[in-house]
>>> print(open('structure_4.cif').read())   # mmCIF, C-alpha atoms
data_protein
loop_
_atom_site.label_atom_id
_atom_site.label_comp_id
_atom_site.auth_asym_id
_atom_site.auth_seq_id
_atom_site.Cartn_x
_atom_site.Cartn_y
_atom_site.Cartn_z
CA MET A 26 178.10 34.06 121.19
CA ASN A 27 181.56 33.91 122.76
CA LEU A 28 180.57 32.41 126.10
CA LYS A 29 182.80 29.63 127.39
CA ILE A 30 181.21 27.40 130.02
CA LYS A 31 183.13 25.63 132.78
CA HIS A 32 180.94 23.03 134.46
CA PHE A 33 181.66 21.46 137.85
CA THR A 34 179.73 18.69 139.53
CA GLU A 35 180.82 20.15 142.85
CA ILE A 36 182.78 23.29 143.77
CA ASP A 37 183.31 25.38 146.87
CA SER A 38 181.99 28.58 145.28
CA THR A 39 181.52 29.61 141.66
CA ASN A 40 182.30 33.21 142.62
CA ASP A 41 185.51 32.22 144.40
CA TYR A 42 186.61 30.28 141.32
CA ALA A 43 185.82 33.28 139.10
CA VAL A 44 187.68 35.75 141.31
CA ASP A 45 190.69 33.42 141.51
CA SER A 46 190.67 33.15 137.71
CA ILE A 47 190.57 36.93 137.36
CA ILE A 48 193.41 37.42 139.85
CA SER A 49 195.59 34.80 138.15
CA SER A 50 194.83 36.32 134.72
CA ASN A 51 193.43 32.98 133.58
CA ILE A 52 190.81 34.66 131.40
CA ASP A 53 190.54 34.91 127.65
CA SER A 54 186.87 35.78 127.12
CA ASP A 55 183.52 36.03 128.86
CA TYR A 56 182.74 32.78 130.55
CA ALA A 57 180.39 31.09 132.97
CA ILE A 58 181.25 28.83 135.88
CA ILE A 59 178.29 26.60 136.61
CA ALA A 60 178.03 23.99 139.34
CA ASP A 61 175.58 21.27 140.21
CA LYS A 62 176.37 21.83 143.88
CA GLN A 63 178.32 24.41 145.87
CA LEU A 64 179.95 23.47 149.17
CA ALA A 65 180.66 27.05 150.28
CA GLY A 66 178.39 29.29 148.23
CA ARG A 67 178.12 32.67 149.88
CA GLY A 68 176.21 35.90 149.96
CA ARG A 69 177.39 39.47 149.99
CA LEU A 70 179.57 40.53 152.90
CA ASN A 71 180.54 36.84 153.32
CA LYS A 72 178.12 36.68 156.25
CA ARG A 73 177.10 33.08 155.79
CA ILE A 74 177.49 29.99 153.70
CA TRP A 75 174.43 29.25 151.57
CA GLU A 76 173.03 25.78 151.15
CA SER A 77 173.35 24.87 147.50
CA PRO A 78 171.72 21.48 146.86
CA PRO A 79 171.76 19.90 143.40
CA GLY A 80 169.03 20.89 140.96
CA ASN A 81 169.10 24.65 141.45
CA PHE A 82 171.02 27.17 139.33
CA TYR A 83 174.47 28.19 140.63
CA CYS A 84 176.43 30.21 138.11
CA THR A 85 178.97 32.98 138.01
CA TYR A 86 179.43 34.91 134.80
CA VAL A 87 182.70 36.75 134.21
CA PHE A 88 182.36 39.85 132.07
CA ASN A 89 185.09 42.11 130.75
CA LEU A 90 183.42 45.43 131.45
CA GLY A 91 186.09 47.38 129.59
CA ILE A 92 185.23 45.69 126.30
CA VAL A 93 181.56 46.70 126.52
CA GLY A 94 182.43 50.26 127.54
CA PHE A 95 181.33 50.03 131.17
CA GLU A 96 183.81 52.23 133.01
CA CYS A 97 182.54 52.01 136.57
CA GLU A 98 184.75 50.11 138.99
CA LYS A 99 182.07 49.98 141.69
CA THR A 100 179.21 47.54 141.86
CA ASN A 101 176.64 50.21 142.76
CA SER A 102 175.22 50.78 139.29
CA LEU A 103 176.12 47.32 137.99
CA ILE A 104 173.96 45.58 140.61
CA PHE A 105 170.88 47.53 139.48
CA ILE A 106 171.53 46.69 135.84
CA VAL A 107 172.02 42.99 136.61
CA MET A 108 169.00 42.76 138.92
CA LYS A 109 166.71 44.37 136.34
CA ALA A 110 168.03 42.05 133.61
CA ILE A 111 167.46 38.93 135.73
CA ARG A 112 163.97 40.05 136.67
CA ALA A 113 163.08 40.70 133.01
CA PHE A 114 164.53 37.31 132.04
CA LEU A 115 162.51 35.51 134.73
CA VAL A 116 159.28 37.40 133.99
CA GLU A 117 159.58 36.33 130.35
CA LEU A 118 160.46 32.77 131.35
CA VAL A 119 157.52 32.25 133.73
CA LYS A 120 155.08 34.60 131.96
CA SER A 121 154.24 36.35 135.22
CA GLU A 122 154.78 39.77 136.77
CA LEU A 123 154.87 38.31 140.31
CA ILE A 124 158.65 38.61 140.43
CA ASP A 125 159.94 41.52 142.53
CA LEU A 126 163.33 42.95 143.39
CA LYS A 127 164.50 43.43 146.95
CA LEU A 128 167.61 45.55 146.85
CA PRO A 129 170.43 45.17 147.11
CA ASN A 130 170.55 41.59 145.81
CA ASP A 131 167.41 39.46 146.21
CA ILE A 132 164.71 38.45 143.75
CA LEU A 133 161.38 37.52 145.32
CA VAL A 134 158.07 35.90 144.48
CA LYS A 135 155.21 36.72 146.86
CA GLY A 136 157.74 37.97 149.39
CA LYS A 137 159.80 34.77 149.32
CA LYS A 138 163.37 34.55 148.03
CA LEU A 139 163.63 33.01 144.57
CA ALA A 140 167.12 34.14 143.63
CA GLY A 141 170.15 36.06 144.80
CA VAL A 142 173.01 37.94 143.19
CA LEU A 143 176.62 38.46 144.28
CA ILE A 144 178.83 40.79 142.24
CA GLU A 145 182.56 41.21 142.76
CA VAL A 146 184.43 43.69 140.58
CA LEU A 147 188.14 43.52 139.86
CA TYR A 148 188.06 46.08 137.08
CA PRO A 149 187.89 45.61 134.18
CA TYR A 150 186.35 42.26 135.12
CA ALA A 151 183.18 41.54 137.05
CA ALA A 152 182.20 38.22 138.57
CA VAL A 153 178.39 38.13 138.54
CA GLY A 154 177.18 35.25 140.70
CA ILE A 155 173.56 34.19 140.42
CA GLY A 156 171.67 31.57 142.36
CA ILE A 157 168.12 30.69 141.29
CA ASN A 158 165.96 28.19 143.14
CA LEU A 159 164.66 25.97 140.37
CA ILE A 160 163.36 22.89 142.20
CA SER A 161 164.03 23.39 145.91
CA SER A 162 164.02 26.14 148.52
CA PRO A 163 167.07 25.60 150.72
CA ILE A 164 166.35 28.37 153.25
CA LYS A 165 163.37 29.44 155.31
CA ASN A 166 161.09 31.96 153.58
CA ALA A 167 162.26 30.94 150.11
CA THR A 168 160.52 29.50 147.08
CA ASN A 169 161.38 27.99 143.71
CA LEU A 170 160.18 28.00 140.10
CA LYS A 171 158.71 24.51 140.31
CA ASP A 172 156.48 25.25 143.30
CA GLU A 173 155.42 28.75 142.21
CA PHE A 174 155.00 28.31 138.47
CA ASP A 175 154.94 24.54 137.90
CA LEU A 176 158.05 24.99 135.79
CA THR A 177 160.78 22.35 135.83
CA LEU A 178 164.08 23.44 134.32
CA LYS A 179 167.62 22.15 134.39
CA PRO A 180 170.38 24.65 135.17
CA SER A 181 171.96 23.97 131.78
CA GLU A 182 168.80 25.28 130.12
CA LEU A 183 169.35 28.76 131.58
CA VAL A 184 173.07 29.44 131.38
CA GLU A 185 173.37 30.70 127.79
CA ASN A 186 170.06 32.56 127.52
CA LEU A 187 170.58 34.36 130.82
CA TYR A 188 174.07 35.37 129.68
CA VAL A 189 172.64 36.88 126.48
CA SER A 190 170.11 38.88 128.52
CA LEU A 191 172.72 40.10 130.98
CA LEU A 192 175.22 41.07 128.30
CA ALA A 193 172.59 42.96 126.30
CA GLU A 194 171.51 44.94 129.36
CA ILE A 195 175.10 45.72 130.39
CA LYS A 196 175.93 46.92 126.85
CA GLN A 197 172.77 49.02 126.70
CA LYS A 198 173.54 50.72 130.03
CA CYS A 199 177.29 51.03 129.61
CA ASN A 200 177.41 54.77 130.25
CA PRO A 201 180.39 55.69 132.40
CA CYS A 202 179.64 56.19 136.10
#
>>> encode(input="structure_4.cif", output="structure tokens")
Amino acid sequence: MNLKIKHFTEIDSTNDYAVDSIISSNIDSDYAIIADKQLAGRGRLNKRIWESPPGNFYCTYVFNLGIVGFECEKTNSLIFIVMKAIRAFLVELVKSELIDLKLPNDILVKGKKLAGVLIEVLYPYAAVGIGINLISSPIKNATNLKDEFDLTLKPSELVENLYVSLLAEIKQKCNPC
């Protein structure tokens, strides 16, 4: 595995850091930016700042889509691939089919938000931001893995295995758009 991990105790936004790294050409391989806490984590359309308390999973993976043969510069098909991969990863992790997708970017359990995805493409790179509520539910109508499945995980326990799942799915579905 060629994943490089950059860990921050605190950061404004893992996606912002990833996009800045792409723009400044400060990239040499696939990598993950993981943070214990985000001060300005955000959702799609930059509509609001998300609360990102310590203990949950805040990670942005940077993929070189050109290397895996993915030729689409738009996030339309990539978001579906990523969402399906995360759902499959979580279903296997918790051994339950209760996990649903709410397009375009939410992952739910019993109608409550468990995770969210934010993808920003600067082709050939994609910044794939993922937030998963592991131990707390920072917004109304949300849930977490601990409450729903009595599963206590540290963010560091997910970062590499989720990357492997995402990369495998992206490679499998790398047909040009």
>>> residues_around(input="structure_4.cif", residues="Leu128 in chain A", least_positions_apart="6", cutoff="10 Å", atoms="all atoms listed in the file", output="ChimeraX atom specification")
/A:104-105,108
>>> residues_around(input="structure_4.cif", residues="Leu187 in chain A", least_positions_apart="2", cutoff="10 Å", atoms="all atoms listed in the file", output="PDB file with C-alpha atoms, in the frame of the given file")
ATOM      1  CA  TYR A  86     179.430  34.910 134.800  1.00  0.00           C
ATOM      2  CA  ALA A 110     168.030  42.050 133.610  1.00  0.00           C
ATOM      3  CA  ILE A 111     167.460  38.930 135.730  1.00  0.00           C
ATOM      4  CA  PHE A 114     164.530  37.310 132.040  1.00  0.00           C
ATOM      5  CA  LEU A 115     162.510  35.510 134.730  1.00  0.00           C
ATOM      6  CA  GLU A 182     168.800  25.280 130.120  1.00  0.00           C
ATOM      7  CA  LEU A 183     169.350  28.760 131.580  1.00  0.00           C
ATOM      8  CA  VAL A 184     173.070  29.440 131.380  1.00  0.00           C
ATOM      9  CA  GLU A 185     173.370  30.700 127.790  1.00  0.00           C
ATOM     10  CA  VAL A 189     172.640  36.880 126.480  1.00  0.00           C
ATOM     11  CA  SER A 190     170.110  38.880 128.520  1.00  0.00           C
ATOM     12  CA  LEU A 191     172.720  40.100 130.980  1.00  0.00           C
ATOM     13  CA  LEU A 192     175.220  41.070 128.300  1.00  0.00           C
ATOM     14  CA  ALA A 193     172.590  42.960 126.300  1.00  0.00           C
TER      15      ALA A 193
END
>>> residues_around(input="structure_4.cif", residues="Ser162 in chain A", least_positions_apart="5", cutoff="9 Å", atoms="all atoms listed in the file", output="list in words")
Asn81, Lys138, Leu139, Ala167, Thr168 and Asn169 of chain A
>>> write_last_selection(input="structure_4.cif", atoms="C-alpha atoms", output="compact mmCIF listing (two decimals), keeping the file's coordinate frame")
# COMPACT_ATOMS: atom_id res chain seq x y z
CA ASN A 81 169.10 24.65 141.45
CA LYS A 138 163.37 34.55 148.03
CA LEU A 139 163.63 33.01 144.57
CA ALA A 167 162.26 30.94 150.11
CA THR A 168 160.52 29.50 147.08
CA ASN A 169 161.38 27.99 143.71
>>> closest_residue(input="structure_4.cif", among="A:Val44, A:Lys29, A:Gly66, A:Ser102", to="Val146 in chain A", atoms="all atoms listed in the file")
A:Val44
>>> residues_near_point(input="structure_4.cif", point="(154.0, 40.7, 147.3)", cutoff="8 Å", atoms="all atoms listed in the file", output="PDB file with C-alpha atoms, in the frame of the given file")
ATOM      1  CA  LEU A 123     154.870  38.310 140.310  1.00  0.00           C
ATOM      2  CA  ASP A 125     159.940  41.520 142.530  1.00  0.00           C
ATOM      3  CA  VAL A 134     158.070  35.900 144.480  1.00  0.00           C
ATOM      4  CA  LYS A 135     155.210  36.720 146.860  1.00  0.00           C
ATOM      5  CA  GLY A 136     157.740  37.970 149.390  1.00  0.00           C
TER       6      GLY A 136
END
>>> closest_residue(input="structure_4.cif", among="A:Ile195, A:Ile52, A:Ala140, A:Leu176", to="Leu28 in chain A", atoms="only C-alpha atoms")
A:Ile52
>>> decode(input="structure_4.cif", residues="range 49-198 of chain A", atoms="C-alpha atoms", output="PDB file, in the first residue's frame")
ATOM      1  CA  SER A  49       0.412  23.855  -4.966  1.00  0.00           C
ATOM      2  CA  SER A  50       1.496  20.549  -6.578  1.00  0.00           C
ATOM      3  CA  ASN A  51       2.632  19.305  -3.171  1.00  0.00           C
ATOM      4  CA  ILE A  52       1.624  15.732  -4.000  1.00  0.00           C
ATOM      5  CA  ASP A  53       3.736  12.693  -4.700  1.00  0.00           C
ATOM      6  CA  SER A  54       1.318   9.813  -4.110  1.00  0.00           C
ATOM      7  CA  ASP A  55      -2.100   8.949  -2.739  1.00  0.00           C
ATOM      8  CA  TYR A  56      -2.402  10.219   0.777  1.00  0.00           C
ATOM      9  CA  ALA A  57      -4.819  10.796   3.609  1.00  0.00           C
ATOM     10  CA  ILE A  58      -5.212  13.873   5.764  1.00  0.00           C
ATOM     11  CA  ILE A  59      -6.742  12.874   9.071  1.00  0.00           C
ATOM     12  CA  ALA A  60      -7.617  15.162  11.954  1.00  0.00           C
ATOM     13  CA  ASP A  61      -8.700  14.655  15.524  1.00  0.00           C
ATOM     14  CA  LYS A  62     -10.741  17.852  15.274  1.00  0.00           C
ATOM     15  CA  GLN A  63     -11.754  20.209  12.473  1.00  0.00           C
ATOM     16  CA  LEU A  64     -12.411  23.881  13.188  1.00  0.00           C
ATOM     17  CA  ALA A  65     -14.078  24.631   9.848  1.00  0.00           C
ATOM     18  CA  GLY A  66     -15.158  21.296   8.402  1.00  0.00           C
ATOM     19  CA  ARG A  67     -17.735  21.863   5.703  1.00  0.00           C
ATOM     20  CA  GLY A  68     -20.332  20.215   3.557  1.00  0.00           C
ATOM     21  CA  ARG A  69     -20.993  20.452  -0.140  1.00  0.00           C
ATOM     22  CA  LEU A  70     -21.834  23.886  -1.509  1.00  0.00           C
ATOM     23  CA  ASN A  71     -19.994  25.371   1.502  1.00  0.00           C
ATOM     24  CA  LYS A  72     -23.392  26.064   3.066  1.00  0.00           C
ATOM     25  CA  ARG A  73     -22.346  25.605   6.657  1.00  0.00           C
ATOM     26  CA  ILE A  74     -19.522  24.740   8.971  1.00  0.00           C
ATOM     27  CA  TRP A  75     -19.885  21.291  10.525  1.00  0.00           C
ATOM     28  CA  GLU A  76     -19.150  20.602  14.154  1.00  0.00           C
ATOM     29  CA  SER A  77     -16.250  18.188  14.280  1.00  0.00           C
ATOM     30  CA  PRO A  78     -15.570  17.178  17.894  1.00  0.00           C
ATOM     31  CA  PRO A  79     -12.710  14.831  18.774  1.00  0.00           C
ATOM     32  CA  GLY A  80     -13.348  11.095  18.579  1.00  0.00           C
ATOM     33  CA  ASN A  81     -15.109  10.944  15.226  1.00  0.00           C
ATOM     34  CA  PHE A  82     -13.493  10.198  11.856  1.00  0.00           C
ATOM     35  CA  TYR A  83     -12.455  13.220   9.766  1.00  0.00           C
ATOM     36  CA  CYS A  84     -10.360  12.272   6.775  1.00  0.00           C
ATOM     37  CA  THR A  85      -9.724  13.405   3.239  1.00  0.00           C
ATOM     38  CA  TYR A  86      -8.139  10.983   0.813  1.00  0.00           C
ATOM     39  CA  VAL A  87      -6.339  12.358  -2.234  1.00  0.00           C
ATOM     40  CA  PHE A  88      -6.436  10.051  -5.241  1.00  0.00           C
ATOM     41  CA  ASN A  89      -4.695  10.468  -8.571  1.00  0.00           C
ATOM     42  CA  LEU A  90      -7.565   9.427 -10.805  1.00  0.00           C
ATOM     43  CA  GLY A  91      -5.397   9.440 -13.922  1.00  0.00           C
ATOM     44  CA  ILE A  92      -3.196   6.661 -12.560  1.00  0.00           C
ATOM     45  CA  VAL A  93      -6.146   4.326 -11.979  1.00  0.00           C
ATOM     46  CA  GLY A  94      -7.647   5.121 -15.389  1.00  0.00           C
ATOM     47  CA  PHE A  95     -10.597   7.182 -14.179  1.00  0.00           C
ATOM     48  CA  GLU A  96     -11.015   9.829 -16.863  1.00  0.00           C
ATOM     49  CA  CYS A  97     -14.026  11.736 -15.613  1.00  0.00           C
ATOM     50  CA  GLU A  98     -13.365  15.259 -14.393  1.00  0.00           C
ATOM     51  CA  LYS A  99     -16.802  15.605 -12.800  1.00  0.00           C
ATOM     52  CA  THR A 100     -17.819  14.264  -9.427  1.00  0.00           C
ATOM     53  CA  ASN A 101     -21.154  12.902 -10.686  1.00  0.00           C
ATOM     54  CA  SER A 102     -20.101   9.294 -11.175  1.00  0.00           C
ATOM     55  CA  LEU A 103     -17.304   9.413  -8.605  1.00  0.00           C
ATOM     56  CA  ILE A 104     -19.703  10.266  -5.764  1.00  0.00           C
ATOM     57  CA  PHE A 105     -21.793   7.151  -6.484  1.00  0.00           C
ATOM     58  CA  ILE A 106     -18.703   4.944  -6.549  1.00  0.00           C
ATOM     59  CA  VAL A 107     -17.399   6.403  -3.280  1.00  0.00           C
ATOM     60  CA  MET A 108     -20.771   6.248  -1.512  1.00  0.00           C
ATOM     61  CA  LYS A 109     -21.276   2.592  -2.458  1.00  0.00           C
ATOM     62  CA  ALA A 110     -17.743   1.732  -1.307  1.00  0.00           C
ATOM     63  CA  ILE A 111     -18.225   3.436   2.066  1.00  0.00           C
ATOM     64  CA  ARG A 112     -21.573   1.744   2.585  1.00  0.00           C
ATOM     65  CA  ALA A 113     -20.081  -1.683   1.783  1.00  0.00           C
ATOM     66  CA  PHE A 114     -17.160  -0.979   4.120  1.00  0.00           C
ATOM     67  CA  LEU A 115     -19.488   0.036   6.972  1.00  0.00           C
ATOM     68  CA  VAL A 116     -21.896  -2.879   6.423  1.00  0.00           C
ATOM     69  CA  GLU A 117     -18.951  -5.274   6.713  1.00  0.00           C
ATOM     70  CA  LEU A 118     -17.594  -3.413   9.739  1.00  0.00           C
ATOM     71  CA  VAL A 119     -20.839  -3.424  11.742  1.00  0.00           C
ATOM     72  CA  LYS A 120     -22.254  -6.666  10.311  1.00  0.00           C
ATOM     73  CA  SER A 121     -25.594  -5.011   9.563  1.00  0.00           C
ATOM     74  CA  GLU A 122     -27.585  -4.010   6.492  1.00  0.00           C
ATOM     75  CA  LEU A 123     -29.202  -1.070   8.331  1.00  0.00           C
ATOM     76  CA  ILE A 124     -26.907   1.399   6.578  1.00  0.00           C
ATOM     77  CA  ASP A 125     -28.549   3.368   3.763  1.00  0.00           C
ATOM     78  CA  LEU A 126     -27.436   5.966   1.253  1.00  0.00           C
ATOM     79  CA  LYS A 127     -29.126   9.330   0.909  1.00  0.00           C
ATOM     80  CA  LEU A 128     -27.858  10.917  -2.248  1.00  0.00           C
ATOM     81  CA  PRO A 129     -26.011  12.971  -2.985  1.00  0.00           C
ATOM     82  CA  ASN A 130     -23.685  12.609   0.000  1.00  0.00           C
ATOM     83  CA  ASP A 131     -25.157  11.229   3.235  1.00  0.00           C
ATOM     84  CA  ILE A 132     -24.962   7.798   4.838  1.00  0.00           C
ATOM     85  CA  LEU A 133     -27.787   6.995   7.242  1.00  0.00           C
ATOM     86  CA  VAL A 134     -28.794   4.490   9.888  1.00  0.00           C
ATOM     87  CA  LYS A 135     -32.520   4.331  10.649  1.00  0.00           C
ATOM     88  CA  GLY A 136     -32.963   7.670   8.913  1.00  0.00           C
ATOM     89  CA  LYS A 137     -30.285   9.415  10.981  1.00  0.00           C
ATOM     90  CA  LYS A 138     -27.027  10.753   9.564  1.00  0.00           C
ATOM     91  CA  LEU A 139     -24.033   8.550  10.319  1.00  0.00           C
ATOM     92  CA  ALA A 140     -21.583   9.899   7.761  1.00  0.00           C
ATOM     93  CA  GLY A 141     -21.097  12.428   5.010  1.00  0.00           C
ATOM     94  CA  VAL A 142     -18.929  12.758   1.923  1.00  0.00           C
ATOM     95  CA  LEU A 143     -17.459  15.808   0.189  1.00  0.00           C
ATOM     96  CA  ILE A 144     -15.625  15.331  -3.117  1.00  0.00           C
ATOM     97  CA  GLU A 145     -13.672  18.041  -4.890  1.00  0.00           C
ATOM     98  CA  VAL A 146     -12.025  17.218  -8.217  1.00  0.00           C
ATOM     99  CA  LEU A 147      -9.058  19.072  -9.646  1.00  0.00           C
ATOM    100  CA  TYR A 148      -8.360  16.538 -12.361  1.00  0.00           C
ATOM    101  CA  PRO A 149      -6.431  14.310 -12.320  1.00  0.00           C
ATOM    102  CA  TYR A 150      -6.713  14.544  -8.528  1.00  0.00           C
ATOM    103  CA  ALA A 151      -9.743  14.082  -6.322  1.00  0.00           C
ATOM    104  CA  ALA A 152     -10.045  15.103  -2.690  1.00  0.00           C
ATOM    105  CA  VAL A 153     -12.498  12.658  -1.101  1.00  0.00           C
ATOM    106  CA  GLY A 154     -13.523  13.951   2.319  1.00  0.00           C
ATOM    107  CA  ILE A 155     -15.309  11.586   4.668  1.00  0.00           C
ATOM    108  CA  GLY A 156     -16.753  12.234   8.090  1.00  0.00           C
ATOM    109  CA  ILE A 157     -18.054   9.290  10.119  1.00  0.00           C
ATOM    110  CA  ASN A 158     -19.661   9.683  13.535  1.00  0.00           C
ATOM    111  CA  LEU A 159     -17.870   7.098  15.629  1.00  0.00           C
ATOM    112  CA  ILE A 160     -18.671   8.110  19.210  1.00  0.00           C
ATOM    113  CA  SER A 161     -20.795  11.260  19.066  1.00  0.00           C
ATOM    114  CA  SER A 162     -23.557  12.805  16.992  1.00  0.00           C
ATOM    115  CA  PRO A 163     -22.734  16.496  16.609  1.00  0.00           C
ATOM    116  CA  ILE A 164     -25.925  17.529  14.783  1.00  0.00           C
ATOM    117  CA  LYS A 165     -29.633  17.011  15.318  1.00  0.00           C
ATOM    118  CA  ASN A 166     -31.037  13.878  13.673  1.00  0.00           C
ATOM    119  CA  ALA A 167     -27.643  12.162  13.588  1.00  0.00           C
ATOM    120  CA  THR A 168     -26.285   8.979  15.111  1.00  0.00           C
ATOM    121  CA  ASN A 169     -22.965   7.210  15.618  1.00  0.00           C
ATOM    122  CA  LEU A 170     -21.463   3.725  15.518  1.00  0.00           C
ATOM    123  CA  LYS A 171     -21.175   3.466  19.295  1.00  0.00           C
ATOM    124  CA  ASP A 172     -24.843   4.182  19.971  1.00  0.00           C
ATOM    125  CA  GLU A 173     -26.240   2.163  17.061  1.00  0.00           C
ATOM    126  CA  PHE A 174     -23.958  -0.866  17.040  1.00  0.00           C
ATOM    127  CA  ASP A 175     -22.136  -0.767  20.392  1.00  0.00           C
ATOM    128  CA  LEU A 176     -18.915  -0.433  18.422  1.00  0.00           C
ATOM    129  CA  THR A 177     -16.095   1.736  19.731  1.00  0.00           C
ATOM    130  CA  LEU A 178     -13.390   2.540  17.206  1.00  0.00           C
ATOM    131  CA  LYS A 179     -10.583   5.046  16.979  1.00  0.00           C
ATOM    132  CA  PRO A 180     -10.263   7.027  13.742  1.00  0.00           C
ATOM    133  CA  SER A 181      -6.781   5.580  13.206  1.00  0.00           C
ATOM    134  CA  GLU A 182      -8.332   2.115  13.019  1.00  0.00           C
ATOM    135  CA  LEU A 183     -10.286   3.045   9.877  1.00  0.00           C
ATOM    136  CA  VAL A 184      -7.978   5.163   7.755  1.00  0.00           C
ATOM    137  CA  GLU A 185      -5.985   2.459   5.937  1.00  0.00           C
ATOM    138  CA  ASN A 186      -8.738  -0.140   5.529  1.00  0.00           C
ATOM    139  CA  LEU A 187     -11.224   2.411   4.204  1.00  0.00           C
ATOM    140  CA  TYR A 188      -8.591   3.624   1.730  1.00  0.00           C
ATOM    141  CA  VAL A 189      -8.094   0.078   0.431  1.00  0.00           C
ATOM    142  CA  SER A 190     -11.864  -0.302  -0.054  1.00  0.00           C
ATOM    143  CA  LEU A 191     -12.197   3.040  -1.814  1.00  0.00           C
ATOM    144  CA  LEU A 192      -9.226   2.462  -4.096  1.00  0.00           C
ATOM    145  CA  ALA A 193     -10.435  -1.010  -5.072  1.00  0.00           C
ATOM    146  CA  GLU A 194     -13.887   0.311  -5.963  1.00  0.00           C
ATOM    147  CA  ILE A 195     -12.486   3.262  -7.938  1.00  0.00           C
ATOM    148  CA  LYS A 196     -10.159   0.947  -9.896  1.00  0.00           C
ATOM    149  CA  GLN A 197     -12.983  -1.506 -10.574  1.00  0.00           C
ATOM    150  CA  LYS A 198     -15.277   1.239 -11.890  1.00  0.00           C
TER     151      LYS A 198
END
